[in-house]
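Containing mmCIF, C-alpha atoms: input.cif.
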data_target
loop_
_atom_site.group_PDB
_atom_site.id
_atom_site.type_symbol
_atom_site.label_atom_id
_atom_site.label_comp_id
_atom_site.auth_asym_id
_atom_site.auth_seq_id
_atom_site.Cartn_x
_atom_site.Cartn_y
_atom_site.Cartn_z
ATOM 1 C CA MET A 3 105.828 194.281 -82.395
ATOM 2 C CA GLU A 4 106.054 196.397 -85.552
ATOM 3 C CA THR A 5 104.575 199.878 -85.971
ATOM 4 C CA VAL A 6 103.696 201.132 -89.460
ATOM 5 C CA GLY A 7 102.496 204.736 -89.441
ATOM 6 C CA PHE A 8 99.608 204.811 -86.964
ATOM 7 C CA VAL A 9 98.847 201.114 -87.315
ATOM 8 C CA THR A 10 100.338 198.679 -84.844
ATOM 9 C CA LEU A 11 100.703 195.166 -86.206
ATOM 10 C CA LEU A 12 100.222 192.640 -83.436
ATOM 11 C CA PRO A 13 101.970 189.292 -83.451
ATOM 12 C CA PHE A 14 99.643 186.491 -84.569
ATOM 13 C CA ASP A 15 99.620 184.809 -81.170
ATOM 14 C CA VAL A 16 98.326 187.841 -79.256
ATOM 15 C CA ASP A 17 94.591 187.777 -78.571
ATOM 16 C CA PRO A 18 93.200 191.290 -79.259
ATOM 17 C CA ARG A 19 89.847 190.423 -77.666
ATOM 18 C CA LYS A 20 88.900 191.559 -74.169
ATOM 19 C CA PRO A 21 86.988 189.578 -71.534
ATOM 20 C CA VAL A 22 83.269 190.170 -71.038
ATOM 21 C CA TYR A 23 81.773 189.951 -67.550
ATOM 22 C CA ALA A 24 78.209 189.431 -66.305
ATOM 23 C CA ARG A 25 76.849 191.599 -63.470
ATOM 24 C CA SER A 26 77.766 188.893 -60.972
ATOM 25 C CA GLY A 27 81.414 189.167 -61.995
ATOM 26 C CA TRP A 28 81.328 185.870 -63.868
ATOM 27 C CA GLU A 29 83.457 185.998 -67.009
ATOM 28 C CA ILE A 30 81.302 185.027 -69.975
ATOM 29 C CA PRO A 31 83.218 182.369 -71.914
ATOM 30 C CA GLN A 32 84.340 183.228 -75.431
ATOM 31 C CA LEU A 33 85.885 180.919 -78.002
ATOM 32 C CA GLN A 34 89.471 179.959 -77.265
ATOM 33 C CA TRP A 35 91.955 182.144 -79.109
ATOM 34 C CA SER A 36 93.335 178.940 -80.643
ATOM 35 C CA GLU A 37 89.956 178.548 -82.387
ATOM 36 C CA VAL A 38 89.781 182.139 -83.585
ATOM 37 C CA SER A 39 93.400 182.920 -84.375
ATOM 38 C CA TYR A 40 93.200 181.242 -87.772
ATOM 39 C CA HIS A 41 91.475 184.301 -89.146
ATOM 40 C CA SER A 42 91.015 187.986 -88.477
ATOM 41 C CA VAL A 43 88.318 189.198 -86.083
ATOM 42 C CA TYR A 44 86.884 190.778 -89.248
ATOM 43 C CA GLN A 45 85.292 189.031 -92.203
ATOM 44 C CA THR A 46 84.883 190.422 -95.723
ATOM 45 C CA GLU A 47 82.027 192.930 -95.748
ATOM 46 C CA ALA A 48 81.085 192.145 -99.366
ATOM 47 C CA PHE A 49 80.447 188.529 -98.391
ATOM 48 C CA VAL A 50 78.250 189.571 -95.453
ATOM 49 C CA ARG A 51 76.222 191.667 -97.933
ATOM 50 C CA GLN A 52 76.063 188.837 -100.450
ATOM 51 C CA ARG A 53 74.835 186.278 -97.906
ATOM 52 C CA THR A 54 72.359 188.757 -96.445
ATOM 53 C CA ASP A 55 70.868 189.568 -99.861
ATOM 54 C CA SER A 56 70.515 185.884 -100.601
ATOM 55 C CA LEU A 57 68.934 185.214 -97.209
ATOM 56 C CA LEU A 58 66.403 188.014 -97.595
ATOM 57 C CA ALA A 59 65.493 186.837 -101.110
ATOM 58 C CA GLU A 60 64.951 183.342 -99.708
ATOM 59 C CA LEU A 61 62.668 184.700 -96.959
ATOM 60 C CA ALA A 62 60.777 186.862 -99.470
ATOM 61 C CA ARG A 63 60.079 183.767 -101.580
ATOM 62 C CA LYS A 64 58.289 182.410 -98.489
ATOM 63 C CA GLN A 65 56.351 185.681 -98.112
ATOM 64 C CA LYS A 66 58.411 186.585 -95.044
ATOM 65 C CA ARG A 67 59.578 190.186 -94.973
ATOM 66 C CA ILE A 68 61.965 191.822 -92.543
ATOM 67 C CA LYS A 69 61.658 195.517 -91.602
ATOM 68 C CA ARG A 70 65.205 196.550 -92.479
ATOM 69 C CA VAL A 71 68.863 195.618 -92.384
ATOM 70 C CA ARG A 72 70.477 197.685 -89.642
ATOM 71 C CA SER A 73 74.090 196.702 -90.245
ATOM 72 C CA VAL A 74 76.336 194.459 -92.302
ATOM 73 C CA SER A 75 79.299 194.959 -90.001
ATOM 74 C CA PRO A 76 82.230 192.720 -90.928
ATOM 75 C CA TYR A 77 83.260 192.371 -87.255
ATOM 76 C CA PHE A 78 82.679 188.907 -85.814
ATOM 77 C CA TYR A 79 79.901 189.154 -83.237
ATOM 78 C CA ASN A 80 76.705 187.189 -83.008
ATOM 79 C CA CYS A 81 73.213 187.558 -81.520
ATOM 80 C CA VAL A 82 74.423 186.990 -77.953
ATOM 81 C CA GLY A 83 77.375 189.342 -78.423
ATOM 82 C CA MET A 84 75.127 192.041 -79.877
ATOM 83 C CA ILE A 85 72.943 192.156 -76.770
ATOM 84 C CA PHE A 86 75.278 191.212 -73.929
ATOM 85 C CA ALA A 87 78.654 192.482 -75.166
ATOM 86 C CA ASN A 88 77.721 195.621 -77.121
ATOM 87 C CA ARG A 89 78.698 194.066 -80.461
ATOM 88 C CA ARG A 90 82.215 193.329 -79.224
ATOM 89 C CA ALA A 91 82.200 189.534 -79.026
ATOM 90 C CA TRP A 92 81.039 186.220 -80.424
ATOM 91 C CA ILE A 93 79.472 184.373 -77.492
ATOM 92 C CA GLU A 94 78.162 180.872 -78.106
ATOM 93 C CA ILE A 95 74.388 180.561 -77.770
ATOM 94 C CA GLU A 96 74.834 177.802 -75.143
ATOM 95 C CA GLU A 97 76.028 180.451 -72.680
ATOM 96 C CA LEU A 98 72.659 182.227 -72.736
ATOM 97 C CA ASP A 99 70.983 180.464 -69.787
ATOM 98 C CA ASP A 100 73.981 181.231 -67.564
ATOM 99 C CA ILE A 101 74.033 184.850 -68.741
ATOM 100 C CA PHE A 102 70.347 185.305 -67.847
ATOM 101 C CA ARG A 103 71.006 183.892 -64.386
ATOM 102 C CA GLN A 104 74.243 185.793 -63.764
ATOM 103 C CA ASP A 105 72.692 189.067 -64.975
ATOM 104 C CA GLY A 106 69.516 188.670 -62.901
ATOM 105 C CA TYR A 107 66.998 188.233 -65.730
ATOM 106 C CA THR A 108 63.587 186.666 -65.068
ATOM 107 C CA GLU A 109 61.366 184.794 -67.497
ATOM 108 C CA ILE A 110 58.122 186.576 -68.359
ATOM 109 C CA THR A 111 54.962 185.769 -70.286
ATOM 110 C CA PHE A 112 54.317 186.952 -73.832
ATOM 111 C CA GLN A 113 51.602 189.340 -72.652
ATOM 112 C CA ARG A 114 54.075 191.124 -70.308
ATOM 113 C CA LEU A 115 56.578 191.724 -73.100
ATOM 114 C CA GLU A 116 57.882 195.294 -73.450
ATOM 115 C CA THR A 117 60.523 197.157 -75.418
ATOM 116 C CA GLY A 118 63.989 196.216 -74.129
ATOM 117 C CA ASP A 119 63.034 192.662 -73.207
ATOM 118 C CA ILE A 120 64.609 189.590 -74.759
ATOM 119 C CA VAL A 121 63.148 186.854 -76.940
ATOM 120 C CA THR A 122 64.808 183.478 -77.498
ATOM 121 C CA TYR A 123 64.323 180.962 -80.305
ATOM 122 C CA ALA A 124 64.756 177.196 -80.254
ATOM 123 C CA TYR A 125 64.942 174.450 -82.852
ATOM 124 C CA GLU A 126 63.816 171.078 -81.536
ATOM 125 C CA ARG A 127 64.147 172.456 -77.980
ATOM 126 C CA ALA A 128 67.785 173.536 -78.422
ATOM 127 C CA LEU A 129 68.437 177.284 -78.143
ATOM 128 C CA THR A 130 69.442 178.764 -81.478
ATOM 129 C CA HIS A 131 68.998 182.526 -81.326
ATOM 130 C CA VAL A 132 68.280 185.568 -79.186
ATOM 131 C CA GLY A 133 66.886 188.991 -80.077
ATOM 132 C CA LEU A 134 66.184 192.341 -78.459
ATOM 133 C CA VAL A 135 62.565 193.549 -78.465
ATOM 134 C CA THR A 136 62.422 197.059 -79.942
ATOM 135 C CA ASP A 137 58.662 197.555 -80.214
ATOM 136 C CA VAL A 138 55.504 195.930 -78.886
ATOM 137 C CA GLU A 139 52.138 196.775 -80.442
ATOM 138 C CA ARG A 140 49.024 196.279 -78.328
ATOM 139 C CA SER A 141 45.347 196.427 -79.094
ATOM 140 C CA GLU A 142 42.837 196.369 -76.231
ATOM 141 C CA GLY A 143 45.615 195.205 -73.916
ATOM 142 C CA GLU A 144 46.620 192.229 -76.068
ATOM 143 C CA VAL A 145 50.002 192.026 -77.824
ATOM 144 C CA THR A 146 49.390 192.158 -81.575
ATOM 145 C CA GLY A 147 52.879 192.655 -82.936
ATOM 146 C CA VAL A 148 56.482 192.472 -81.772
ATOM 147 C CA THR A 149 59.532 193.893 -83.547
ATOM 148 C CA VAL A 150 62.939 192.449 -82.760
ATOM 149 C CA LEU A 151 66.513 193.548 -83.494
ATOM 150 C CA SER A 152 68.922 190.652 -83.783
ATOM 151 C CA LYS A 153 72.224 189.626 -85.337
ATOM 152 C CA TRP A 154 71.868 186.630 -87.632
ATOM 153 C CA GLY A 155 75.024 184.590 -87.006
ATOM 154 C CA LYS A 156 77.921 185.787 -89.165
ATOM 155 C CA ASP A 157 75.490 187.797 -91.255
ATOM 156 C CA ALA A 158 73.599 191.065 -90.831
ATOM 157 C CA GLU A 159 71.968 192.759 -87.881
ATOM 158 C CA ILE A 160 68.306 192.867 -88.781
ATOM 159 C CA LEU A 161 65.120 194.560 -87.566
ATOM 160 C CA HIS A 162 62.319 192.066 -88.096
ATOM 161 C CA PRO A 163 58.865 190.996 -86.981
ATOM 162 C CA MET A 164 59.355 188.427 -84.184
ATOM 163 C CA GLY A 165 58.187 185.527 -86.370
ATOM 164 C CA VAL A 166 60.238 186.414 -89.447
ATOM 165 C CA VAL A 167 63.499 184.514 -89.009
ATOM 166 C CA PRO A 168 65.460 181.867 -90.928
ATOM 167 C CA ALA A 169 63.988 178.367 -90.640
ATOM 168 C CA ARG A 170 67.053 177.118 -88.739
ATOM 169 C CA PHE A 171 66.188 179.375 -85.791
ATOM 170 C CA GLY A 172 63.060 177.305 -85.220
ATOM 171 C CA ILE A 173 60.297 178.901 -83.169
ATOM 172 C CA VAL A 174 59.982 181.584 -80.499
ATOM 173 C CA SER A 175 60.813 179.890 -77.244
ATOM 174 C CA GLU A 176 60.988 182.192 -74.193
ATOM 175 C CA PHE A 177 60.737 185.819 -73.097
ATOM 176 C CA TRP A 178 63.137 187.324 -70.554
ATOM 177 C CA SER A 179 63.307 190.671 -68.824
ATOM 178 C CA GLU A 180 65.534 192.608 -66.457
ATOM 179 C CA LYS A 181 63.895 195.733 -65.181
ATOM 180 C CA THR A 182 62.687 197.551 -62.083
ATOM 181 C CA PRO A 183 59.399 199.186 -63.033
ATOM 182 C CA HIS A 184 59.086 202.903 -62.428
ATOM 183 C CA VAL A 185 55.988 203.886 -60.499
ATOM 184 C CA ALA A 186 55.120 207.602 -60.702
ATOM 185 C CA ARG A 187 54.338 209.175 -57.289
ATOM 186 C CA MET B 15 79.616 162.796 -112.719
ATOM 187 C CA LEU B 16 79.578 161.274 -109.229
ATOM 188 C CA LEU B 17 78.835 163.891 -106.536
ATOM 189 C CA ALA B 18 78.789 166.831 -108.980
ATOM 190 C CA ARG B 19 75.202 167.670 -108.117
ATOM 191 C CA ASP B 20 75.909 167.391 -104.361
ATOM 192 C CA PHE B 21 78.862 169.755 -104.741
ATOM 193 C CA GLU B 22 76.751 172.228 -106.666
ATOM 194 C CA THR B 23 74.050 172.188 -103.971
ATOM 195 C CA ILE B 24 76.438 172.436 -101.036
ATOM 196 C CA GLU B 25 78.316 175.330 -102.637
ATOM 197 C CA SER B 26 75.126 177.219 -103.501
ATOM 198 C CA MET B 27 74.286 180.417 -101.649
ATOM 199 C CA GLU B 28 70.912 178.911 -100.717
ATOM 200 C CA PHE B 29 72.689 176.145 -98.799
ATOM 201 C CA ILE B 30 75.349 178.409 -97.281
ATOM 202 C CA VAL B 31 72.935 180.923 -95.735
ATOM 203 C CA GLN B 32 71.022 178.208 -93.917
ATOM 204 C CA PHE B 33 74.063 177.781 -91.708
ATOM 205 C CA SER B 34 75.858 181.148 -91.738
ATOM 206 C CA VAL B 35 73.032 182.541 -89.571
ATOM 207 C CA LEU B 36 73.738 180.163 -86.697
ATOM 208 C CA SER B 37 75.266 181.385 -83.450
ATOM 209 C CA GLY B 38 76.939 178.360 -81.961
ATOM 210 C CA PHE B 39 79.185 175.509 -82.989
ATOM 211 C CA ASN B 40 76.852 172.918 -81.478
ATOM 212 C CA SER B 41 73.908 174.524 -83.299
ATOM 213 C CA LEU B 42 75.867 174.107 -86.520
ATOM 214 C CA ARG B 43 76.591 170.443 -85.845
ATOM 215 C CA ARG B 44 72.940 169.774 -84.974
ATOM 216 C CA ALA B 45 71.811 171.595 -88.111
ATOM 217 C CA PHE B 46 74.234 169.585 -90.254
ATOM 218 C CA ALA B 47 73.062 166.355 -88.643
ATOM 219 C CA SER B 48 69.450 167.090 -89.561
ATOM 220 C CA ASP B 49 70.045 168.435 -93.070
ATOM 221 C CA GLU B 50 68.761 166.302 -95.938
ATOM 222 C CA THR B 51 71.530 167.202 -98.418
ATOM 223 C CA ILE B 52 74.212 166.354 -95.865
ATOM 224 C CA GLU B 53 72.462 163.130 -94.924
ATOM 225 C CA VAL B 54 72.478 162.035 -98.574
ATOM 226 C CA LEU B 55 76.171 162.877 -98.965
ATOM 227 C CA CYS B 56 77.039 161.037 -95.733
ATOM 228 C CA SER B 57 75.188 157.948 -97.023
ATOM 229 C CA THR B 58 77.003 158.120 -100.351
ATOM 230 C CA LEU B 59 80.371 158.344 -98.626
ATOM 231 C CA ASN B 60 79.603 155.382 -96.397
ATOM 232 C CA GLU B 61 78.434 153.281 -99.341
ATOM 233 C CA GLN B 62 81.160 154.322 -101.781
ATOM 234 C CA PRO B 63 84.524 154.810 -100.041
ATOM 235 C CA ASP B 64 86.041 156.178 -103.277
ATOM 236 C CA ALA B 65 83.664 159.115 -103.007
ATOM 237 C CA CYS B 66 85.500 160.172 -99.829
ATOM 238 C CA LYS B 67 88.579 160.911 -101.917
ATOM 239 C CA LEU B 68 86.493 163.085 -104.229
ATOM 240 C CA VAL B 69 85.130 165.073 -101.278
ATOM 241 C CA ALA B 70 88.615 165.497 -99.807
ATOM 242 C CA LYS B 71 89.827 166.660 -103.228
ATOM 243 C CA ARG B 72 86.888 169.057 -103.483
ATOM 244 C CA ILE B 73 87.780 170.592 -100.104
ATOM 245 C CA GLY B 74 91.285 171.212 -101.476
ATOM 246 C CA GLN B 75 89.867 172.820 -104.613
ATOM 247 C CA VAL B 76 87.502 175.115 -102.720
ATOM 248 C CA LEU B 77 90.295 176.113 -100.334
ATOM 249 C CA THR B 78 92.233 177.543 -103.276
ATOM 250 C CA LYS B 79 89.380 179.789 -104.432
ATOM 251 C CA SER B 80 90.074 183.495 -104.084
ATOM 252 C CA ASP B 81 86.678 183.924 -102.375
ATOM 253 C CA VAL B 82 87.139 180.868 -100.137
ATOM 254 C CA GLU B 83 85.711 182.745 -97.126
ATOM 255 C CA LEU B 84 82.322 182.664 -98.844
ATOM 256 C CA TYR B 85 82.376 178.856 -98.864
ATOM 257 C CA ASP B 86 83.071 178.387 -95.140
ATOM 258 C CA GLU B 87 79.795 176.524 -94.545
ATOM 259 C CA SER B 88 80.306 174.357 -97.667
ATOM 260 C CA ILE B 89 83.779 173.287 -96.557
ATOM 261 C CA ALA B 90 82.503 172.629 -93.037
ATOM 262 C CA ALA B 91 79.690 170.491 -94.481
ATOM 263 C CA TYR B 92 82.179 168.452 -96.553
ATOM 264 C CA LEU B 93 84.396 167.944 -93.512
ATOM 265 C CA PHE B 94 81.397 166.964 -91.370
ATOM 266 C CA CYS B 95 80.485 164.212 -93.875
ATOM 267 C CA LEU B 96 84.075 163.101 -94.302
ATOM 268 C CA SER B 97 84.556 162.768 -90.549
ATOM 269 C CA HIS B 98 81.647 160.311 -90.466
ATOM 270 C CA ALA B 99 83.089 158.169 -93.238
ATOM 271 C CA ASP B 100 86.886 158.323 -93.345
ATOM 272 C CA ARG B 101 88.754 159.638 -90.311
ATOM 273 C CA ALA B 102 92.190 159.603 -91.969
ATOM 274 C CA LEU B 103 91.000 161.749 -94.872
ATOM 275 C CA ALA B 104 89.094 163.988 -92.464
ATOM 276 C CA LEU B 105 92.300 164.584 -90.504
ATOM 277 C CA LYS B 106 94.208 165.466 -93.681
ATOM 278 C CA ALA B 107 91.438 167.812 -94.776
ATOM 279 C CA SER B 108 91.412 169.399 -91.299
ATOM 280 C CA GLU B 109 95.129 170.097 -91.548
ATOM 281 C CA ALA B 110 94.606 171.737 -94.955
ATOM 282 C CA ILE B 111 91.760 173.877 -93.555
ATOM 283 C CA LEU B 112 93.875 175.073 -90.625
ATOM 284 C CA GLU B 113 96.759 175.804 -92.943
ATOM 285 C CA ALA B 114 94.518 177.863 -95.229
ATOM 286 C CA GLY B 115 92.995 179.831 -92.315
ATOM 287 C CA GLY B 116 90.508 182.649 -92.875
ATOM 288 C CA LEU B 117 87.462 180.492 -92.109
ATOM 289 C CA TRP B 118 85.099 180.419 -89.128
ATOM 290 C CA TRP B 119 83.024 177.231 -88.866
ATOM 291 C CA SER B 120 85.458 175.128 -90.891
ATOM 292 C CA VAL B 121 88.330 175.957 -88.545
ATOM 293 C CA GLN B 122 86.248 175.103 -85.465
ATOM 294 C CA LEU B 123 85.152 171.829 -87.034
ATOM 295 C CA ALA B 124 88.706 171.014 -88.157
ATOM 296 C CA LEU B 125 90.001 171.557 -84.603
ATOM 297 C CA HIS B 126 87.147 169.418 -83.294
ATOM 298 C CA VAL B 127 88.019 166.610 -85.720
ATOM 299 C CA MET B 128 91.695 166.767 -84.773
ATOM 300 C CA ASN B 129 90.923 166.747 -81.047
ATOM 301 C CA ALA B 130 88.243 164.058 -81.220
ATOM 302 C CA THR B 131 88.889 160.489 -80.225
ATOM 303 C CA GLU B 132 89.462 157.987 -83.006
ATOM 304 C CA THR B 133 85.882 156.713 -83.005
ATOM 305 C CA GLU B 134 84.128 160.034 -82.591
ATOM 306 C CA PRO B 135 82.979 161.806 -85.769
ATOM 307 C CA ALA B 136 82.338 165.550 -85.944
#
Mind converting the file's structure to structure tokens?
Amino acid sequence: METVGFVTLLPFDVDPRKPVYARSGWEIPQLQWSEVSYHSVYQTEAFVRQRTDSLLAELARKQKRIKRVRSVSPYFYNCVGMIFANRRAWIEIEELDDIFRQDGYTEITFQRLETGDIVTYAYERALTHVGLVTDVERSEGEVTGVTVLSKWGKDAEILHPMGVVPARFGIVSEFWSEKTPHVAR
Amino acid sequence: MLLARDFETIESMEFIVQFSVLSGFNSLRRAFASDETIEVLCSTLNEQPDACKLVAKRIGQVLTKSDVELYDESIAAYLFCLSHADRALALKASEAILEAGGLWWSVQLALHVMNATETEPA
């Protein structure tokens, strides 16, 4: 191992990533290091910006407008990693059902949705995406608007109306929650 | 020129961002399998074996670009089509992709192609 100033250069075969565990103690699978070691755990920020700008222009052409871009972090994490690994990991979307189970989440109806809950998306019944609910608007008890924060693959972390997503995400599929309601005494 | 328009489409930002937003390797493969542009290219490669060489050559050309990282999804799309039409060329292209490094989906697909059985495409 070579040290240059304050920067330690790790050998190429050392995996700098750390494991991520669910509440049950189950280790959430990440990509094998052999699959990731061909590149850095960072991508080029300018390319993240470029793809994001193009994506947003494409959505705007379809009259779909996001609320704002929260981050164009070059670190490799995805929608699952944003929510369940604090932006530290890329976790394949196929792991989501197991994560919900191992973390004690329960499926809820749309009308019970609250800030902090989770929304999933599916394309032809296959899970494609997950987002964190940041705001729920209600009128006369009915949900009238939902805002979601989610990481769009390799691209930006975006605050968006629940229905404003790239076509490849498909449609809103399920709502999940993990909470113990507080009842004032 | 044969395939020039396909190359232009597959290397366009509009094409790339359809797939860069995905969050799983299987999602990517499903999305490729249902994409019209990729379906057309796969058909062309199956009907005109010489076109496979052009796609393999194109992968090599894109891999030498200074901004190759931006074309990760394009290279992966080329490899996906090639793996359905010419396994030997797909293996060679996979080796070149792994040697180049610096890519996300293309590397995963290249490893998948190299680990797949002889009859299984990407």
Need the shell around Arg140 in chain A: protein/DNA/RNA residues with any atom at most 12 Å away, counting all atoms listed in the file. Skip same-chain ones fewer than 2 positions apart. Format as a list of chain:residue names?
A:Phe112, A:Gln113, A:Arg114, A:Leu115, A:Glu116, A:Thr117, A:Asp137, A:Val138, A:Glu142, A:Gly143, A:Glu144, A:Val145, A:Thr146, A:Gly147, A:Val148, A:Thr149
Give me the result of the PyMOL selection byres ((chain B and resi 68-77) around 8) on this file, residue by residue, as a PyMOL selection string.
chain B and resi 64-67+78-79+82+85+89+92-93+96+103-104+107+110-111+114
Could you give me, as CSV, every chain A residue with an atom at most 7 Å from chain B, plus its closest atom pair and distance in Å to one decimal, counting all atoms listed in the file, rows ordered by chain then number?
residue,atom,partner,partner_atom,distance
A:Glu37,CA,B:Gln122,CA,5.9
A:Tyr40,CA,B:Gly115,CA,4.8
A:His41,CA,B:Gly116,CA,4.2
A:Ser42,CA,B:Gly116,CA,6.9
A:Phe49,CA,B:Leu84,CA,6.2
A:Arg53,CA,B:Val31,CA,6.1
A:Ser56,CA,B:Met27,CA,6.7
A:Leu57,CA,B:Val31,CA,6.0
A:Asn80,CA,B:Ser37,CA,6.0
A:Cys81,CA,B:Ser37,CA,6.8
A:Glu94,CA,B:Gly38,CA,4.8
A:Ile95,CA,B:Gly38,CA,5.4
A:Thr130,CA,B:Ser41,CA,6.4
A:His131,CA,B:Ser37,CA,6.7
A:Trp154,CA,B:Val35,CA,4.7
A:Gly155,CA,B:Val35,CA,3.8
A:Lys156,CA,B:Ser34,CA,5.7
A:Asp157,CA,B:Val35,CA,6.0
A:Arg170,CA,B:Gln32,CA,6.6
Convert the current residue selection to file output with C-alpha atoms, as an mmCIF file, keeping the file's coordinate frame.
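Now in out.cif:
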data_model
loop_
_atom_site.group_PDB
_atom_site.id
_atom_site.type_symbol
_atom_site.label_atom_id
_atom_site.label_comp_id
_atom_site.auth_asym_id
_atom_site.auth_seq_id
_atom_site.Cartn_x
_atom_site.Cartn_y
_atom_site.Cartn_z
ATOM 1 C CA GLU A 37 89.956 178.548 -82.387
ATOM 2 C CA TYR A 40 93.200 181.242 -87.772
ATOM 3 C CA HIS A 41 91.475 184.301 -89.146
ATOM 4 C CA SER A 42 91.015 187.986 -88.477
ATOM 5 C CA PHE A 49 80.447 188.529 -98.391
ATOM 6 C CA ARG A 53 74.835 186.278 -97.906
ATOM 7 C CA SER A 56 70.515 185.884 -100.601
ATOM 8 C CA LEU A 57 68.934 185.214 -97.209
ATOM 9 C CA ASN A 80 76.705 187.189 -83.008
ATOM 10 C CA CYS A 81 73.213 187.558 -81.520
ATOM 11 C CA GLU A 94 78.162 180.872 -78.106
ATOM 12 C CA ILE A 95 74.388 180.561 -77.770
ATOM 13 C CA THR A 130 69.442 178.764 -81.478
ATOM 14 C CA HIS A 131 68.998 182.526 -81.326
ATOM 15 C CA TRP A 154 71.868 186.630 -87.632
ATOM 16 C CA GLY A 155 75.024 184.590 -87.006
ATOM 17 C CA LYS A 156 77.921 185.787 -89.165
ATOM 18 C CA ASP A 157 75.490 187.797 -91.255
ATOM 19 C CA ARG A 170 67.053 177.118 -88.739
#
Carefully work through the PyMOL selection byres ((chain A and resi 129) around 10) for this structure and note down the residues it includes, as a ChimeraX atom specification.
/A:95-99,122-128,130-132,171-176 /B:37-38,41
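Residues in contact range of Arg89 in chain A, defined as at most 12 Å between all atoms listed in the file, with sequence neighbours fewer than 3 positions away removed, read Val22, Ser73, Ser75, Pro76, Tyr77, Phe78, Tyr79, Asn80, Cys81, Val82, Gly83, Met84, Ile85, Phe86, Trp92, Ile93, Ser152, Lys153, Ala158 and Glu159 of chain A.
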To verify the selection step, state as a VMD selection string which residues the PyMOL selection byres ((chain A and resi 27) around 12) yields on this input.
chain A and resid 21 to 26 28 to 30 101 103 to 106
Who sits within 12 Å of Val54 in chain B, all atoms listed in the file, same chain under 2 positions skipped, as a PyMOL selection string
chain B and resi 17+19-21+23-24+46-52+56-61+91-92+95
Please dump the current selection as a tab-separated table (two decimals), in the frame of the given file; keep C-alpha atoms.
chain	number	residue	atom	x	y	z
B	17	LEU	CA	78.83	163.89	-106.54
B	19	ARG	CA	75.20	167.67	-108.12
B	20	ASP	CA	75.91	167.39	-104.36
B	21	PHE	CA	78.86	169.76	-104.74
B	23	THR	CA	74.05	172.19	-103.97
B	24	ILE	CA	76.44	172.44	-101.04
B	46	PHE	CA	74.23	169.58	-90.25
B	47	ALA	CA	73.06	166.36	-88.64
B	48	SER	CA	69.45	167.09	-89.56
B	49	ASP	CA	70.04	168.44	-93.07
B	50	GLU	CA	68.76	166.30	-95.94
B	51	THR	CA	71.53	167.20	-98.42
B	52	ILE	CA	74.21	166.35	-95.86
B	56	CYS	CA	77.04	161.04	-95.73
B	57	SER	CA	75.19	157.95	-97.02
B	58	THR	CA	77.00	158.12	-100.35
B	59	LEU	CA	80.37	158.34	-98.63
B	60	ASN	CA	79.60	155.38	-96.40
B	61	GLU	CA	78.43	153.28	-99.34
B	91	ALA	CA	79.69	170.49	-94.48
B	92	TYR	CA	82.18	168.45	-96.55
B	95	CYS	CA	80.48	164.21	-93.88
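CA of Val166 in chain A sits 9.5 Å away from CA of Gln65 in chain A.
In this structure, CA of His184 in chain A sits 27.2 Å away from CA of Leu161 in chain A.
Note that CA of Ala90 in chain B and CA of Pro31 in chain A are 23.3 Å apart.
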